[in-house]
Amino acid sequence: MKARVHVMLKNGVLDPQGEAVRHALGALGFDGVDGVRQGKVIELDLTESDPEAARHNVMQMCEKLLANTVIESYQIEIL
Amino acid sequence: MRAAVIVFPGSNCDRDMAVAFERATGHAPVMVWHKETALPDGVDVVALPGGFSYGDYLRCGAIAARSPICQAVAGFAAKGGAVLGVCNGFQVLTEMGLLPGALMRNAGIKFICKSTELDVVSTDSPFTSAYKPGQRLQIPIAHHDGNYTIGDADLARLQGEDRIAFRYADNPNGSAGDIAGVLSENRRVLGMMPHPERALEPRHGSEDGLALFQGLVGLLETA
C-alpha cells in the first residue's frame, strides 16, 4: 500500500520561496499569477494493507517528523 | 565546568564551538557523536553547533532533532540542564520543541554571511548574564534559514516573559520581532542564529561572543 503526504505551509505563513517563484514567473511573462505556495510531496511504501490503519500510522509519522506543525499542515492520501 | 558538544553528520561549527569552550573554561569539551544514547556524566552544558546536520534534509534540523543523542539532550534539558544551540543548533532546538517557533527561509531568499549588530535584551540567563541590557554586540551570522517565525500570541508571551535574549539591530532575515535568540521557559536553553563562537578574539573582527562562554563558567560551577 502506498501513501502520499502533501506538506504545505499553513495559511498566513509567508512563503519566501513561493514569492520568488511568483516573481520569476512574472519575469517570464506569465501574467495573472496572484500567488505561489511551495510545498512538498512525500511518497511512502507501506507494508500495512488496511487503509485505516495505514492512515493512522502515517498521521503519526506526520505529527512526529514529516511536518513541522508549527508552520506546516499536511494531507494524507492512501493509494 | 564540563561542556559537551554534539556532533551530527554535517555539523561544521563543532570545532569552533569546542575552541570557544576551551578558551573560556581552560578545558576541552567532550565531543559527543549523534549515535550516542547518553551524555557523559557530569556535563553542565550541552552545545548543539552550527552546520547542515543530515544535509538539511526534510527541514533544517528535523532529522537531528530525532537522533538518539537528542533524546538524551531533551532529558538533560528537562532536568534543568543548560543547552546552547547556535544556528543549525537553534533549528534543532525548535524542531525538538525545546524552544517555540520555527526557522524559515530568509525573507530575502539569499544565504547571508556577514557581521551583524545585536542588542542584548534579557540578561536573565546563564548565557547572557555577563552582558548588560541593551549592550550592542558585533556577532556574525551565516545562514539560509534564520527567519524566526512564531505566532502573535506566542511572540507576545516571549516578550512578556523576558525570553528574548538578542534582537538584530538591523533585521537581516525577516525574523519576527527582530529576534536573533530566544530562551526557554526555565531560561536554561538558548537558541540563537548568530555565531558567538566566531567572535572570540580581535582577529575574528570582534570579541563580543567570548563573554557568553565565560559567563557560563561561574554560573554553572556555583549552580
# chains A, B, ... in the order shown; residues from 1 in each chain; ligands from 1

call {"tool": "interface_residues", "arguments": {"of": "chain B", "to": "chain A", "cutoff": "9 Å", "atoms": "only C-alpha atoms", "output": "PDB file with N, CA and C atoms, in the first residue's frame"}}
result
ATOM      1  N   LEU B  58      14.702  17.165   4.591  1.00  0.00           N
ATOM      2  CA  LEU B  58      13.331  17.330   5.090  1.00  0.00           C
ATOM      3  C   LEU B  58      13.099  18.763   5.550  1.00  0.00           C
ATOM      4  N   ARG B  59      13.699  19.172   6.665  1.00  0.00           N
ATOM      5  CA  ARG B  59      13.703  20.572   7.120  1.00  0.00           C
ATOM      6  C   ARG B  59      14.992  20.731   7.912  1.00  0.00           C
ATOM      7  N   ALA B  62      15.546  18.913  11.335  1.00  0.00           N
ATOM      8  CA  ALA B  62      14.438  17.987  11.618  1.00  0.00           C
ATOM      9  C   ALA B  62      14.935  16.578  11.948  1.00  0.00           C
ATOM     10  N   ILE B  63      15.881  16.088  11.179  1.00  0.00           N
ATOM     11  CA  ILE B  63      16.350  14.717  11.397  1.00  0.00           C
ATOM     12  C   ILE B  63      17.223  14.674  12.655  1.00  0.00           C
ATOM     13  N   ARG B  66      15.519  14.224  15.927  1.00  0.00           N
ATOM     14  CA  ARG B  66      15.006  12.883  16.251  1.00  0.00           C
ATOM     15  C   ARG B  66      16.139  11.874  16.401  1.00  0.00           C
ATOM     16  N   GLU B  95      12.962  22.307  16.430  1.00  0.00           N
ATOM     17  CA  GLU B  95      12.406  21.040  15.935  1.00  0.00           C
ATOM     18  C   GLU B  95      12.178  20.053  17.080  1.00  0.00           C
ATOM     19  N   PRO B 100      10.125  27.562  21.306  1.00  0.00           N
ATOM     20  CA  PRO B 100       8.946  27.766  20.455  1.00  0.00           C
ATOM     21  C   PRO B 100       9.348  28.335  19.084  1.00  0.00           C
ATOM     22  N   GLY B 101       8.398  28.281  18.148  1.00  0.00           N
ATOM     23  CA  GLY B 101       8.619  28.887  16.841  1.00  0.00           C
ATOM     24  C   GLY B 101       9.339  27.960  15.882  1.00  0.00           C
ATOM     25  N   ALA B 102       9.712  28.511  14.727  1.00  0.00           N
ATOM     26  CA  ALA B 102      10.409  27.751  13.693  1.00  0.00           C
ATOM     27  C   ALA B 102      11.283  28.713  12.924  1.00  0.00           C
ATOM     28  N   MET B 104      12.535  29.693   9.271  1.00  0.00           N
ATOM     29  CA  MET B 104      12.199  29.503   7.871  1.00  0.00           C
ATOM     30  C   MET B 104      13.230  30.161   6.980  1.00  0.00           C
ATOM     31  N   ARG B 105      13.075  29.940   5.660  1.00  0.00           N
ATOM     32  CA  ARG B 105      13.973  30.558   4.683  1.00  0.00           C
ATOM     33  C   ARG B 105      14.032  32.073   4.907  1.00  0.00           C
ATOM     34  N   ASN B 106      15.241  32.648   4.789  1.00  0.00           N
ATOM     35  CA  ASN B 106      15.403  34.097   4.941  1.00  0.00           C
ATOM     36  C   ASN B 106      14.421  34.827   4.027  1.00  0.00           C
ATOM     37  N   ALA B 107      13.869  35.925   4.528  1.00  0.00           N
ATOM     38  CA  ALA B 107      12.862  36.658   3.752  1.00  0.00           C
ATOM     39  C   ALA B 107      13.403  37.073   2.390  1.00  0.00           C
ATOM     40  N   GLY B 108      14.691  37.376   2.294  1.00  0.00           N
ATOM     41  CA  GLY B 108      15.277  37.792   1.018  1.00  0.00           C
ATOM     42  C   GLY B 108      15.801  36.634   0.192  1.00  0.00           C
ATOM     43  N   ILE B 109      15.492  35.377   0.622  1.00  0.00           N
ATOM     44  CA  ILE B 109      15.851  34.141  -0.085  1.00  0.00           C
ATOM     45  C   ILE B 109      17.344  33.809  -0.004  1.00  0.00           C
ATOM     46  N   THR B 149      10.092  32.484  12.969  1.00  0.00           N
ATOM     47  CA  THR B 149       8.656  32.599  12.735  1.00  0.00           C
ATOM     48  C   THR B 149       7.910  32.072  13.951  1.00  0.00           C
ATOM     49  N   ILE B 150       6.977  32.871  14.433  1.00  0.00           N
ATOM     50  CA  ILE B 150       6.229  32.481  15.630  1.00  0.00           C
ATOM     51  C   ILE B 150       4.890  33.208  15.594  1.00  0.00           C
ATOM     52  N   GLY B 151       3.856  32.567  16.118  1.00  0.00           N
ATOM     53  CA  GLY B 151       2.534  33.200  16.136  1.00  0.00           C
ATOM     54  C   GLY B 151       2.521  34.420  17.050  1.00  0.00           C
TER      55      GLY B 151
END

call {"tool": "residues_around", "arguments": {"residues": "Asp208 (chain B)", "least_positions_apart": "5", "cutoff": "8 Å", "atoms": "only C-alpha atoms", "output": "list in words"}}
result
Leu137, Gln138, Ile139, Pro196, Ala199 and Leu200 of chain B

call {"tool": "write_last_selection", "arguments": {"atoms": "N, CA, C and O atoms", "output": "PDB file, in the first residue's frame"}}
result
ATOM      1  N   LEU B 137      26.245  44.269  20.452  1.00  0.00           N
ATOM      2  CA  LEU B 137      27.308  43.307  20.153  1.00  0.00           C
ATOM      3  C   LEU B 137      27.503  43.184  18.649  1.00  0.00           C
ATOM      4  O   LEU B 137      26.561  43.386  17.876  1.00  0.00           O
ATOM      5  N   GLN B 138      28.714  42.813  18.291  1.00  0.00           N
ATOM      6  CA  GLN B 138      29.041  42.546  16.887  1.00  0.00           C
ATOM      7  C   GLN B 138      29.277  41.038  16.780  1.00  0.00           C
ATOM      8  O   GLN B 138      30.267  40.527  17.305  1.00  0.00           O
ATOM      9  N   ILE B 139      28.347  40.322  16.156  1.00  0.00           N
ATOM     10  CA  ILE B 139      28.458  38.852  16.062  1.00  0.00           C
ATOM     11  C   ILE B 139      28.064  38.441  14.636  1.00  0.00           C
ATOM     12  O   ILE B 139      27.056  38.925  14.126  1.00  0.00           O
ATOM     13  N   PRO B 196      28.311  33.163  18.290  1.00  0.00           N
ATOM     14  CA  PRO B 196      29.228  33.765  19.274  1.00  0.00           C
ATOM     15  C   PRO B 196      30.605  33.106  19.239  1.00  0.00           C
ATOM     16  O   PRO B 196      31.599  33.749  19.577  1.00  0.00           O
ATOM     17  N   ALA B 199      33.313  34.908  17.305  1.00  0.00           N
ATOM     18  CA  ALA B 199      33.667  36.270  17.727  1.00  0.00           C
ATOM     19  C   ALA B 199      34.363  36.177  19.085  1.00  0.00           C
ATOM     20  O   ALA B 199      33.813  36.565  20.105  1.00  0.00           O
ATOM     21  N   LEU B 200      35.568  35.607  19.063  1.00  0.00           N
ATOM     22  CA  LEU B 200      36.280  35.333  20.315  1.00  0.00           C
ATOM     23  C   LEU B 200      37.519  36.185  20.497  1.00  0.00           C
ATOM     24  O   LEU B 200      38.046  36.294  21.589  1.00  0.00           O
TER      25      LEU B 200
END

call {"tool": "atom_distance", "arguments": {"atom1": "CA of Ala28 (chain B)", "atom2": "CA of Thr116 (chain B)"}}
result
28.0 Å

call {"tool": "select_by_dssp", "arguments": {"residues": "chain A", "states": "strand (DSSP E)", "output": "list in words"}}
result
Lys2, Ala3, Arg4, Val5, His6, Val7, Met8, Leu9, Lys40, Val41, Ile42, Glu43, Leu44, Asp45, Glu72, Ser73, Tyr74, Gln75, Ile76, Glu77 and Ile78 of chain A

call {"tool": "residues_around", "arguments": {"residues": "region 45-56 of chain B", "least_positions_apart": "2", "cutoff": "6 Å", "atoms": "only C-alpha atoms", "output": "list in words"}}
result
Ala3, Ala4, Val5, Ile6, Phe8, Pro9, Gly10, Ser11, Asn12, Cys13, Asp14, Val43, Arg59, Cys60, Ala82, Val83, Leu84, Gly85, Val86, Cys87, Asn88 and Gly89 of chain B

call {"tool": "write_last_selection", "arguments": {"atoms": "C-alpha atoms", "output": "tab-separated table (two decimals), in the first residue's frame"}}
result
chain	number	residue	atom	x	y	z
B	3	ALA	CA	30.77	21.08	28.37
B	4	ALA	CA	29.65	18.63	25.72
B	5	VAL	CA	29.43	19.50	22.03
B	6	ILE	CA	27.13	17.29	19.95
B	8	PHE	CA	25.96	15.41	13.79
B	9	PRO	CA	26.87	14.31	10.29
B	10	GLY	CA	27.07	17.68	8.55
B	11	SER	CA	27.93	19.75	11.63
B	12	ASN	CA	30.65	22.20	10.66
B	13	CYS	CA	30.94	24.58	13.62
B	14	ASP	CA	31.55	21.87	16.22
B	43	VAL	CA	28.14	17.55	31.99
B	59	ARG	CA	13.70	20.57	7.12
B	60	CYS	CA	16.75	22.18	8.74
B	82	ALA	CA	21.85	24.26	30.23
B	83	VAL	CA	21.66	23.84	26.45
B	84	LEU	CA	23.04	26.23	23.83
B	85	GLY	CA	22.02	25.89	20.19
B	86	VAL	CA	23.72	28.07	17.60
B	87	CYS	CA	22.49	28.42	14.02
B	88	ASN	CA	21.65	24.85	12.94
B	89	GLY	CA	21.65	24.08	16.67

call {"tool": "select_by_dssp", "arguments": {"residues": "chain A", "states": "helix (DSSP H, G or I)", "output": "ChimeraX atom specification"}}
result
/A:16-27,51-66

call {"tool": "write_last_selection", "arguments": {"atoms": "N, CA, C and O atoms", "output": "mmCIF file, in the first residue's frame"}}
result
data_model
loop_
_atom_site.group_PDB
_atom_site.id
_atom_site.type_symbol
_atom_site.label_atom_id
_atom_site.label_comp_id
_atom_site.auth_asym_id
_atom_site.auth_seq_id
_atom_site.Cartn_x
_atom_site.Cartn_y
_atom_site.Cartn_z
ATOM 1 N N PRO A 16 8.677 32.656 1.440
ATOM 2 C CA PRO A 16 9.622 33.421 0.613
ATOM 3 C C PRO A 16 9.963 32.713 -0.701
ATOM 4 O O PRO A 16 10.139 33.360 -1.731
ATOM 5 N N GLN A 17 10.018 31.368 -0.663
ATOM 6 C CA GLN A 17 10.357 30.645 -1.894
ATOM 7 C C GLN A 17 9.221 30.743 -2.908
ATOM 8 O O GLN A 17 9.460 30.948 -4.097
ATOM 9 N N GLY A 18 8.005 30.595 -2.424
ATOM 10 C CA GLY A 18 6.853 30.743 -3.314
ATOM 11 C C GLY A 18 6.820 32.134 -3.938
ATOM 12 O O GLY A 18 6.538 32.292 -5.129
ATOM 13 N N GLU A 19 7.147 33.133 -3.120
ATOM 14 C CA GLU A 19 7.183 34.520 -3.619
ATOM 15 C C GLU A 19 8.236 34.680 -4.711
ATOM 16 O O GLU A 19 8.004 35.346 -5.732
ATOM 17 N N ALA A 20 9.402 34.051 -4.512
ATOM 18 C CA ALA A 20 10.476 34.137 -5.515
ATOM 19 C C ALA A 20 10.032 33.487 -6.822
ATOM 20 O O ALA A 20 10.306 33.991 -7.914
ATOM 21 N N VAL A 21 9.312 32.370 -6.703
ATOM 22 C CA VAL A 21 8.812 31.681 -7.905
ATOM 23 C C VAL A 21 7.787 32.568 -8.619
ATOM 24 O O VAL A 21 7.797 32.692 -9.844
ATOM 25 N N ARG A 22 6.939 33.210 -7.831
ATOM 26 C CA ARG A 22 5.929 34.097 -8.422
ATOM 27 C C ARG A 22 6.601 35.229 -9.207
ATOM 28 O O ARG A 22 6.214 35.545 -10.336
ATOM 29 N N HIS A 23 7.655 35.818 -8.617
ATOM 30 C CA HIS A 23 8.371 36.891 -9.315
ATOM 31 C C HIS A 23 9.013 36.382 -10.598
ATOM 32 O O HIS A 23 8.981 37.057 -11.632
ATOM 33 N N ALA A 24 9.595 35.173 -10.512
ATOM 34 C CA ALA A 24 10.266 34.612 -11.691
ATOM 35 C C ALA A 24 9.246 34.343 -12.803
ATOM 36 O O ALA A 24 9.516 34.577 -13.983
ATOM 37 N N LEU A 25 8.057 33.862 -12.429
ATOM 38 C CA LEU A 25 7.013 33.626 -13.435
ATOM 39 C C LEU A 25 6.617 34.939 -14.097
ATOM 40 O O LEU A 25 6.465 34.998 -15.324
ATOM 41 N N GLY A 26 6.496 35.994 -13.273
ATOM 42 C CA GLY A 26 6.168 37.308 -13.825
ATOM 43 C C GLY A 26 7.225 37.777 -14.809
ATOM 44 O O GLY A 26 6.924 38.310 -15.874
ATOM 45 N N ALA A 27 8.501 37.531 -14.445
ATOM 46 C CA ALA A 27 9.606 37.961 -15.306
ATOM 47 C C ALA A 27 9.593 37.207 -16.627
ATOM 48 O O ALA A 27 10.064 37.699 -17.649
ATOM 49 N N PRO A 51 -6.314 0.155 4.941
ATOM 50 C CA PRO A 51 -6.213 1.595 4.679
ATOM 51 C C PRO A 51 -6.373 2.459 5.929
ATOM 52 O O PRO A 51 -5.660 3.446 6.095
ATOM 53 N N GLU A 52 -7.278 2.060 6.808
ATOM 54 C CA GLU A 52 -7.499 2.881 8.011
ATOM 55 C C GLU A 52 -6.284 2.863 8.930
ATOM 56 O O GLU A 52 -5.864 3.900 9.454
ATOM 57 N N ALA A 53 -5.709 1.674 9.090
ATOM 58 C CA ALA A 53 -4.515 1.547 9.933
ATOM 59 C C ALA A 53 -3.362 2.324 9.298
ATOM 60 O O ALA A 53 -2.595 3.002 9.982
ATOM 61 N N ALA A 54 -3.272 2.237 7.966
ATOM 62 C CA ALA A 54 -2.194 2.936 7.254
ATOM 63 C C ALA A 54 -2.332 4.439 7.477
ATOM 64 O O ALA A 54 -1.356 5.134 7.786
ATOM 65 N N ARG A 55 -3.544 4.937 7.340
ATOM 66 C CA ARG A 55 -3.770 6.373 7.516
ATOM 67 C C ARG A 55 -3.390 6.813 8.940
ATOM 68 O O ARG A 55 -2.754 7.834 9.148
ATOM 69 N N HIS A 56 -3.782 5.965 9.884
ATOM 70 C CA HIS A 56 -3.465 6.276 11.279
ATOM 71 C C HIS A 56 -1.947 6.339 11.496
ATOM 72 O O HIS A 56 -1.422 7.278 12.109
ATOM 73 N N ASN A 57 -1.228 5.344 10.926
ATOM 74 C CA ASN A 57 0.232 5.312 11.079
ATOM 75 C C ASN A 57 0.878 6.527 10.433
ATOM 76 O O ASN A 57 1.781 7.144 11.001
ATOM 77 N N VAL A 58 0.410 6.861 9.233
ATOM 78 C CA VAL A 58 1.028 7.981 8.508
ATOM 79 C C VAL A 58 0.753 9.299 9.237
ATOM 80 O O VAL A 58 1.602 10.187 9.276
ATOM 81 N N MET A 59 -0.415 9.379 9.857
ATOM 82 C CA MET A 59 -0.717 10.596 10.623
ATOM 83 C C MET A 59 0.288 10.763 11.766
ATOM 84 O O MET A 59 0.796 11.855 12.023
ATOM 85 N N GLN A 60 0.600 9.655 12.426
ATOM 86 C CA GLN A 60 1.614 9.699 13.496
ATOM 87 C C GLN A 60 2.965 10.157 12.941
ATOM 88 O O GLN A 60 3.675 10.940 13.566
ATOM 89 N N MET A 61 3.298 9.629 11.749
ATOM 90 C CA MET A 61 4.577 9.998 11.125
ATOM 91 C C MET A 61 4.608 11.488 10.820
ATOM 92 O O MET A 61 5.626 12.158 11.001
ATOM 93 N N CYS A 62 3.481 12.021 10.358
ATOM 94 C CA CYS A 62 3.403 13.452 10.041
ATOM 95 C C CYS A 62 3.584 14.281 11.305
ATOM 96 O O CYS A 62 4.339 15.244 11.317
ATOM 97 N N GLU A 63 2.900 13.876 12.364
ATOM 98 C CA GLU A 63 2.971 14.647 13.612
ATOM 99 C C GLU A 63 4.364 14.603 14.212
ATOM 100 O O GLU A 63 4.826 15.570 14.795
ATOM 101 N N LYS A 64 5.032 13.443 14.061
ATOM 102 C CA LYS A 64 6.330 13.279 14.725
ATOM 103 C C LYS A 64 7.501 13.755 13.886
ATOM 104 O O LYS A 64 8.533 14.129 14.429
ATOM 105 N N LEU A 65 7.388 13.708 12.566
ATOM 106 C CA LEU A 65 8.562 14.022 11.752
ATOM 107 C C LEU A 65 8.257 14.732 10.437
ATOM 108 O O LEU A 65 8.880 15.738 10.123
ATOM 109 N N LEU A 66 7.296 14.184 9.666
ATOM 110 C CA LEU A 66 7.199 14.625 8.265
ATOM 111 C C LEU A 66 6.786 16.081 8.126
ATOM 112 O O LEU A 66 7.170 16.741 7.168
#

call {"tool": "residues_around", "arguments": {"residues": "Leu212 (chain B)", "least_positions_apart": "3", "cutoff": "10 Å", "atoms": "only C-alpha atoms", "output": "NGL selection string"}}
result
:B and (20-21 or 24 or 126-131 or 196-197 or 200 or 208-209 or 215-217)

call {"tool": "write_last_selection", "arguments": {"atoms": "C-alpha atoms", "output": "PDB file, in the first residue's frame"}}
result
ATOM      1  CA  ALA B  20      35.201  28.676  22.413  1.00  0.00           C
ATOM      2  CA  PHE B  21      34.533  26.455  25.423  1.00  0.00           C
ATOM      3  CA  ALA B  24      36.525  30.171  28.318  1.00  0.00           C
ATOM      4  CA  PRO B 126      23.311  31.727  32.328  1.00  0.00           C
ATOM      5  CA  PHE B 127      24.281  32.625  28.761  1.00  0.00           C
ATOM      6  CA  THR B 128      23.619  36.351  28.834  1.00  0.00           C
ATOM      7  CA  SER B 129      24.347  37.327  32.433  1.00  0.00           C
ATOM      8  CA  ALA B 130      27.819  38.617  31.525  1.00  0.00           C
ATOM      9  CA  TYR B 131      26.292  41.233  29.205  1.00  0.00           C
ATOM     10  CA  PRO B 196      29.228  33.765  19.274  1.00  0.00           C
ATOM     11  CA  GLU B 197      31.952  31.132  18.784  1.00  0.00           C
ATOM     12  CA  LEU B 200      36.280  35.333  20.315  1.00  0.00           C
ATOM     13  CA  ASP B 208      31.883  40.045  21.777  1.00  0.00           C
ATOM     14  CA  GLY B 209      30.990  36.351  21.767  1.00  0.00           C
ATOM     15  CA  GLY B 215      29.638  33.884  31.788  1.00  0.00           C
ATOM     16  CA  LEU B 216      28.675  30.201  31.879  1.00  0.00           C
ATOM     17  CA  VAL B 217      31.775  29.248  33.826  1.00  0.00           C
TER      18      VAL B 217
END

call {"tool": "atom_distance", "arguments": {"atom1": "CA of Leu219 (chain B)", "atom2": "CA of Asn186 (chain B)"}}
result
14.9 Å
